[in-house]
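What follows is one structure encoded as structure tokens, with my remarks underneath.
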Amino acid sequence: MIFSALEHILTHISFSIVASLITIHLITLVGNEIIKPYDSSERGMIATFLCLTGFLITRWIYSGHFPLSDLYESLIFLSCSFYLIHLIAYFKLRKKLLRTITISSTIFIQGFATSDLLTEIKKPAILVPALQSEWLIMHVSMMLVSYAALLCGSLLSVAFLAITFRNIFGSFRRTHLVKLNDSFSFGVGEIQYKTERKTILNKTSSFHAMNYYKSQLIQQLDYWGYRVISLGFLFLTIGILSGAVWANEAWGSYWSWDPKETWAFITWIVFAIYLHARTNQNWEGANSAIVATLGFLIIWICYFGVNLLGIGLHSYGSFTLTCS
């Protein structure tokens, strides 16, 4: 009873901190950065990471096994993986690009995990025979860490596409506006044309400065999206291989084309195509980012699909939505 209450407190404290951080960032964006919440944001992320780590340790002691046996526990571990990626990127690489992605992703995952939809599986249960193995920590943890890294990298690619296409649309719109202004000025008179031309020239320097920073941001999104996806692909490969070895010990076969295995293989193929596309200069940038965006959707199908269907050898992680 004490452990259950402690779990409840830790999960809700962590969720409250993340919700507060999101609110602060939204206020900052609306207020044109009147306040600088960067230090408090990092302290909040550290506090939340420690709360989730404490939850996993408490759950481990309470249940007697590493907490990766059902969807609820895996969601908390996935949230913890997002925080870990964020903290490594911030403290080791001094990069702030992942802040918005990790915080927003975690509040979605934790919000779902702490909701009443998963009430039936929040209580620790005895492991099914297939999960009573030393491979549980190795396989499941590698898969969840790979999901977190691949999701972060894919969201960086989505942001890259959004800014790129916005710039293309903006350039197209400005070109037509300039043509329209030229024709209008020619009809009104030379004096008005010169006045408008002078105004445009005065705005040119500020426009080029803003365009330069956007270009730098796009390059950073593309570069770090590739780096994070590469790391996630490595973890995914290790997770699939360790899962195959575990499957041979548990079920007598390395591969059974179980729905979970099939979608994990599809996920691996999609991101292998992404990494291969990065080696071709013609596919760098937007083309490879589209593949990563597709991978983002495939990961969620792989992660939630089997749990929603409740079929196959991995159906022990399924759940039923409950309405209070």
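Residue numbers start at 1 in each chain; chains themselves are named A, B, ... in the order of the structure tokens; ligands are numbered from 1 in the order shown.
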
Polymer residues at most 7 Å from Gly295 (chain A), only C-alpha atoms, same-chain spacing of 4 or more positions, as a list in words: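 Listed by chain and then number, they are Thr267, Val270, Phe271, Val291 and Ile299 of chain A.
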
Å distance separating CA of Leu308 (chain A) from CA of Val128 (chain A), one decimal place: 18.9 Å

Distance criterion (only C-alpha atoms): nearest to Ile103 (chain A) out of A:Ala244, A:Ile17, A:Leu71, A:Ala286: A:Ile17

Residue neighbourhood region 138-154 of chain A, 9 Å, only C-alpha atoms, exclusion window fewer than 2 positions, as a PyMOL selection string: chain A and resi 68-69+74-75+77-79+81-82+85+98+101-102+105+134-136+156-159+221+224-243+246+271+289+291-296+299-300+303

How would the residues just picked look written out with N, CA and C atoms as a compact mmCIF listing (two decimals), in the first residue's frame?
# COMPACT_ATOMS: atom_id res chain seq x y z
N LEU A 68 9.10 -3.54 -16.73
CA LEU A 68 8.94 -3.44 -18.18
C LEU A 68 8.00 -4.53 -18.70
N SER A 69 7.05 -4.93 -17.87
CA SER A 69 6.23 -6.09 -18.20
C SER A 69 4.89 -5.75 -18.85
N SER A 74 6.02 0.39 -19.44
CA SER A 74 6.83 0.78 -20.60
C SER A 74 6.64 2.25 -20.95
N LEU A 75 5.44 2.79 -20.72
CA LEU A 75 5.21 4.22 -20.96
C LEU A 75 6.03 5.08 -20.02
N PHE A 77 8.83 4.16 -18.57
CA PHE A 77 10.23 3.99 -18.98
C PHE A 77 10.52 4.80 -20.25
N LEU A 78 9.56 4.85 -21.16
CA LEU A 78 9.74 5.65 -22.38
C LEU A 78 9.86 7.13 -22.05
N SER A 79 9.02 7.60 -21.12
CA SER A 79 9.12 8.99 -20.67
C SER A 79 10.50 9.27 -20.07
N SER A 81 13.21 7.77 -20.76
CA SER A 81 14.18 7.76 -21.86
C SER A 81 14.20 9.11 -22.57
N PHE A 82 13.03 9.72 -22.74
CA PHE A 82 12.98 11.06 -23.34
C PHE A 82 13.76 12.06 -22.49
N ILE A 85 17.56 11.49 -22.88
CA ILE A 85 18.06 12.05 -24.14
C ILE A 85 18.17 13.56 -24.05
N LEU A 98 16.25 20.01 -28.63
CA LEU A 98 15.39 18.90 -28.22
C LEU A 98 14.44 19.27 -27.09
N ILE A 101 10.71 19.33 -28.07
CA ILE A 101 10.29 18.01 -28.51
C ILE A 101 10.18 17.05 -27.34
N THR A 102 11.20 17.02 -26.48
CA THR A 102 11.18 16.07 -25.37
C THR A 102 10.09 16.41 -24.35
N SER A 105 6.58 15.69 -25.95
CA SER A 105 6.38 14.24 -26.10
C SER A 105 6.13 13.58 -24.76
N GLU A 134 16.34 -13.26 -17.99
CA GLU A 134 17.30 -12.17 -17.86
C GLU A 134 17.30 -11.27 -19.09
N TRP A 135 16.73 -11.75 -20.18
CA TRP A 135 16.68 -10.97 -21.41
C TRP A 135 15.65 -9.85 -21.36
N LEU A 136 14.81 -9.83 -20.33
CA LEU A 136 13.75 -8.82 -20.24
C LEU A 136 14.35 -7.41 -20.22
N LEU A 156 12.42 16.03 -35.14
CA LEU A 156 13.34 17.04 -35.68
C LEU A 156 13.21 17.12 -37.19
N SER A 157 13.04 15.98 -37.84
CA SER A 157 12.84 15.97 -39.29
C SER A 157 11.51 16.60 -39.68
N VAL A 158 10.47 16.35 -38.85
CA VAL A 158 9.17 16.99 -39.11
C VAL A 158 9.30 18.51 -39.01
N ALA A 159 10.02 18.98 -37.97
CA ALA A 159 10.25 20.42 -37.83
C ALA A 159 11.06 20.97 -39.00
N LEU A 221 18.61 21.35 -37.45
CA LEU A 221 17.54 20.34 -37.36
C LEU A 221 17.88 19.12 -38.20
N TRP A 224 21.11 17.26 -36.47
CA TRP A 224 20.85 16.55 -35.23
C TRP A 224 19.75 15.50 -35.38
N GLY A 225 18.83 15.72 -36.30
CA GLY A 225 17.86 14.68 -36.59
C GLY A 225 18.54 13.41 -37.09
N TYR A 226 19.53 13.60 -37.97
CA TYR A 226 20.29 12.46 -38.50
C TYR A 226 21.09 11.77 -37.40
N ARG A 227 21.73 12.57 -36.53
CA ARG A 227 22.55 12.00 -35.46
C ARG A 227 21.69 11.20 -34.47
N VAL A 228 20.55 11.76 -34.07
CA VAL A 228 19.70 11.10 -33.08
C VAL A 228 19.08 9.83 -33.68
N ILE A 229 18.65 9.89 -34.93
CA ILE A 229 18.08 8.70 -35.59
C ILE A 229 19.13 7.61 -35.74
N SER A 230 20.36 7.99 -36.04
CA SER A 230 21.44 6.99 -36.15
C SER A 230 21.64 6.27 -34.82
N LEU A 231 21.61 7.03 -33.71
CA LEU A 231 21.73 6.42 -32.40
C LEU A 231 20.55 5.50 -32.11
N GLY A 232 19.34 5.96 -32.42
CA GLY A 232 18.16 5.14 -32.20
C GLY A 232 18.16 3.88 -33.05
N PHE A 233 18.66 3.96 -34.27
CA PHE A 233 18.72 2.80 -35.16
C PHE A 233 19.67 1.75 -34.58
N LEU A 234 20.77 2.20 -33.98
CA LEU A 234 21.71 1.26 -33.34
C LEU A 234 21.03 0.52 -32.20
N PHE A 235 20.32 1.25 -31.33
CA PHE A 235 19.61 0.61 -30.23
C PHE A 235 18.52 -0.33 -30.74
N LEU A 236 17.84 0.07 -31.80
CA LEU A 236 16.79 -0.77 -32.38
C LEU A 236 17.36 -2.08 -32.90
N THR A 237 18.50 -2.01 -33.55
CA THR A 237 19.15 -3.22 -34.06
C THR A 237 19.53 -4.15 -32.91
N ILE A 238 20.11 -3.59 -31.85
CA ILE A 238 20.47 -4.40 -30.69
C ILE A 238 19.22 -5.01 -30.06
N GLY A 239 18.15 -4.21 -29.97
CA GLY A 239 16.92 -4.72 -29.38
C GLY A 239 16.30 -5.85 -30.17
N ILE A 240 16.30 -5.75 -31.49
CA ILE A 240 15.74 -6.81 -32.34
C ILE A 240 16.58 -8.08 -32.25
N LEU A 241 17.90 -7.94 -32.27
CA LEU A 241 18.78 -9.11 -32.19
C LEU A 241 18.64 -9.80 -30.84
N SER A 242 18.62 -9.02 -29.76
CA SER A 242 18.46 -9.63 -28.43
C SER A 242 17.08 -10.27 -28.28
N GLY A 243 16.08 -9.66 -28.91
CA GLY A 243 14.75 -10.25 -28.89
C GLY A 243 14.70 -11.58 -29.64
N TRP A 246 16.24 -14.17 -27.38
CA TRP A 246 15.28 -14.48 -26.31
C TRP A 246 14.13 -15.33 -26.85
N PHE A 271 13.87 3.03 -41.33
CA PHE A 271 15.00 3.87 -40.90
C PHE A 271 16.31 3.44 -41.55
N ALA A 289 13.98 13.52 -44.93
CA ALA A 289 13.12 13.93 -43.82
C ALA A 289 11.71 13.37 -43.98
N VAL A 291 11.03 10.47 -45.31
CA VAL A 291 11.16 9.08 -44.88
C VAL A 291 11.13 8.99 -43.35
N ALA A 292 11.83 9.90 -42.68
CA ALA A 292 11.84 9.92 -41.21
C ALA A 292 10.45 10.22 -40.66
N THR A 293 9.70 11.09 -41.34
CA THR A 293 8.34 11.39 -40.91
C THR A 293 7.45 10.15 -41.02
N LEU A 294 7.63 9.39 -42.10
CA LEU A 294 6.91 8.12 -42.23
C LEU A 294 7.30 7.16 -41.10
N GLY A 295 8.59 7.16 -40.76
CA GLY A 295 9.05 6.31 -39.66
C GLY A 295 8.42 6.68 -38.34
N PHE A 296 8.15 7.96 -38.13
CA PHE A 296 7.49 8.41 -36.91
C PHE A 296 6.13 7.73 -36.75
N ILE A 299 6.55 3.87 -36.00
CA ILE A 299 6.94 3.55 -34.62
C ILE A 299 5.71 3.45 -33.73
N TRP A 300 4.78 4.41 -33.87
CA TRP A 300 3.59 4.38 -33.02
C TRP A 300 2.71 3.17 -33.35
N TYR A 303 4.48 0.31 -31.64
CA TYR A 303 4.42 0.36 -30.18
C TYR A 303 3.01 0.13 -29.65

For CA of Asp70 (chain A) and CA of Ala125 (chain A), the interatomic separation in Å (one decimal):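 If I compute the distance from CA of Asp70 (chain A) to CA of Ala125 (chain A), I get 9.1 Å.
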
Between CA of Ala5 (chain A) and CA of Gly44 (chain A) - distance in Å to one decimal: 22.1 Å
